[in-house]
Amino acid sequence: MTRKPLNEILNLPIPEEEIFRIAAAVPEPLISWYRQNARDLPWRENPEPYQVWVSEIMLQQTRVEAVKPYYRRFLEALPDVAALADAPEEQLMKLWEGLGYYSRARNLQKAARQIMERHGGKLPPSYELLLDLAGFGEYTAGAVASIAFGIPVPAVDGNVLRVFSRVLASDSDIMAPAVRKGCRSLLLETMPQSCPGDYNQALIELGATLCAPNGPPNCMACPLSHLCRAYLNGNPSAFPVKAPKKERRAEEKTIFVVISPEGVLLRQRPNEGLLAGLWEFPWEEGHLSKEETGKTLGEWGIVPKKRHTLRPAKHIFTHMEWRMAGVLAVCEKILPPEGLRLVTWEEMETVYTVPSAFSAFQKAALAAREEFA
Ligand code: ADE
């Protein structure tokens with residue numbers, strides 16, 4: 001099958017050769033800019049395959065600043081593939097608590113076990129073999145192959161797509177798989193063979209700093225402005241053109257923060273689906289009235305000494321949001337009903353992973369604990 005020409009995919013009024021010519025002019029100025037301006041980031045100090053892999057998984061969907069402390073703590077606790085493969089599930093979830101997208105952590109461990117079985121505990125220096133591991137897509141396989149092993153393959157993330165949509169002044173939707181594929185094949189043919197890891201990171205770095213997603217790009221400082229079609233046309237902020245956002249589904253819940261001097265009532269989420277297997281404050285669908293919350297507590301056999309309404313909270317996931325009302329029930333003693341567990345204050349913080357969707361309520365629980373002091 002012949003592939004669609006790039007000028008069609010990218011909706012550009014210039015010949016394909018011109019697109020390749022522009023892309024081929026990017027590496028030299030970009031890499032020299034990168035070598036002078038790259039941020040000091042902990043995963044760049046020691047770009048061993050395991051380190052690069054862990055950092056790239058953490059950096060998917062999470063900002064660099066937020067990742068730093070997680071990265072350090074994770075590598076201290078689980079310094080190599082073997083330690084990750086053997087880590088107890090609760091430890092792994094606890095190390096990931098707050099980063100979100102917990103399936104990334106589960107896949108990380110699944111891949112670590114595959115690496116133990118298939119590759120003697122070492123990440124394989126091959127793009128295809130990496131791609132075959134759990135949680136590795138084209139981006140992660142490309143990032144690890146290029147940064148850790150110097151294999152010349154692209155690593156196309158949202159930063160790279162944004163940079164190229166501006167450099168080429170392409171108004172195609174960068175979320176479209178065809179555009180990602182087109183960008184990948186353009187890079188595959190034009191990337192430097194000698195330092196592919198630096199080149200991939202330089203593209204990401206430019207997209208994260210000067211050519212960032214929010215606010216106007218800093219073209220005055222950009223090493224690519226002389227060849228950037230969007231800049232030369234005078235409208236760099238017009239790219240990338242965004243497809244209209246899909247509405248997020250909203251779910252209403254009432255969260256029950258049931259506490260006693262001993263501890264807190266938690267419930268484990270189902271083993272499949274969103275936040276699988278993690279622990280939550282028990283909740284009911286909908287924003288319940290005072291009578292309804294009293295009835296629910298009664299059904300659980302909970303007799304609170306005091307009951308307050310908590311400040312509502314919202315948590316946004318990719319495809320939906322939770323709008324949460326909250327009730328604090330302060331009890332002398334809790335006899336957990338079936339399906340709920342009383343965990344000690346200490347255990348809530350050290351053993352049970354409560355995802356950040358509930359962090360407002362976890363804070364409220366800890367603040368209310370003071371009442372027992
Ligand atoms: N985002 C994804 N990969 C990155 C890297 N290696 N450095 C900085 N930000 C990144």
# chains A, B, ... in the order shown; residues from 1 in each chain; ligands from 1

call {"tool": "residues_around", "arguments": {"residues": "Phe74 of chain A", "least_positions_apart": "2", "cutoff": "9 Å", "atoms": "only C-alpha atoms", "output": "ChimeraX atom specification"}}
result
/A:54,69-72,76-79,92,95-96

call {"tool": "residues_near_ligand", "arguments": {"ligand": "ligand 1", "cutoff": "10 Å", "atoms": "only C-alpha atoms and all ligand atoms", "output": "ChimeraX atom specification"}}
result
/A:38-44,47,52-53,55-65,67,139-140,143-144,147,155-160,197-198,200-209

call {"tool": "residues_around", "arguments": {"residues": "Ile9 of chain A", "least_positions_apart": "3", "cutoff": "12 Å", "atoms": "only C-alpha atoms", "output": "PyMOL selection string"}}
result
chain A and resi 3-6+12-14+16+19+165+170-174+176-183+185-186

call {"tool": "atom_distance", "arguments": {"atom1": "atom CA of Cys222 of chain A", "atom2": "atom CA of Tyr34 of chain A"}}
result
10.8 Å

call {"tool": "atom_distance", "arguments": {"atom1": "atom CA of Phe164 of chain A", "atom2": "atom CA of Pro236 of chain A"}}
result
11.3 Å

call {"tool": "closest_residue", "arguments": {"among": "A:Leu99, A:Ala243, A:Leu297, A:Leu275", "to": "Met175 of chain A", "atoms": "only C-alpha atoms"}}
result
A:Ala243

call {"tool": "select_by_dssp", "arguments": {"residues": "segment 102-313 of chain A", "states": "strand (DSSP E or B)", "output": "ChimeraX atom specification"}}
result
/A:249-259,263-268,279-280,283-285,306-313

call {"tool": "residues_around", "arguments": {"residues": "Val167 of chain A", "least_positions_apart": "6", "cutoff": "10 Å", "atoms": "only C-alpha atoms", "output": "list of chain:residue names"}}
result
A:Ile19, A:Ile22, A:Ala23, A:Val26, A:Leu161, A:Leu224, A:Ser225, A:His226, A:Leu227, A:Cys228, A:Arg229, A:Ala230, A:Tyr231, A:Leu232, A:Pro236, A:Phe239

call {"tool": "select_by_dssp", "arguments": {"residues": "segment 94-232 of chain A", "states": "helix (DSSP H, G or I)", "output": "NGL selection string"}}
result
:A and (94-96 or 102-119 or 127-131 or 138-149 or 158-168 or 177-190 or 196-208 or 219-221 or 225-227 or 229-232)

call {"tool": "closest_atom_pairs", "arguments": {"of": "segment 305-342 of chain A", "to": "segment 263-267 of chain A", "cutoff": "12 Å", "atoms": "only C-alpha atoms", "output": "CSV"}}
result
residue,atom,partner,partner_atom,distance
A:Leu328,CA,A:Val264,CA,10.8
A:Ala329,CA,A:Val264,CA,10.1
A:Val330,CA,A:Val264,CA,9.7
A:Cys331,CA,A:Val264,CA,9.9
A:Glu332,CA,A:Gly263,CA,10.4
A:Lys333,CA,A:Gly263,CA,9.1
A:Ile334,CA,A:Leu265,CA,8.0
A:Leu335,CA,A:Leu265,CA,9.4
A:Pro336,CA,A:Leu265,CA,7.1
A:Pro337,CA,A:Leu265,CA,9.6
A:Glu338,CA,A:Arg267,CA,9.9
A:Gly339,CA,A:Arg267,CA,6.7
A:Leu340,CA,A:Arg267,CA,4.8
A:Arg341,CA,A:Leu266,CA,5.3
A:Leu342,CA,A:Leu265,CA,4.6

call {"tool": "atom_distance", "arguments": {"atom1": "atom CA of Pro15 of chain A", "atom2": "atom CA of Pro244 of chain A"}}
result
28.8 Å

call {"tool": "closest_residue", "arguments": {"among": "A:Met93, A:Ala360, A:Arg73, A:Trp33", "to": "Gln109 of chain A", "atoms": "only C-alpha atoms"}}
result
A:Met93

call {"tool": "residues_around", "arguments": {"residues": "Gly273 of chain A", "least_positions_apart": "4", "cutoff": "10 Å", "atoms": "only C-alpha atoms", "output": "ChimeraX atom specification"}}
result
/A:103,269,277

call {"tool": "closest_residue", "arguments": {"among": "A:Ala24, A:Thr350, A:Trp283, A:Arg106", "to": "Asn271 of chain A", "atoms": "only C-alpha atoms"}}
result
A:Arg106
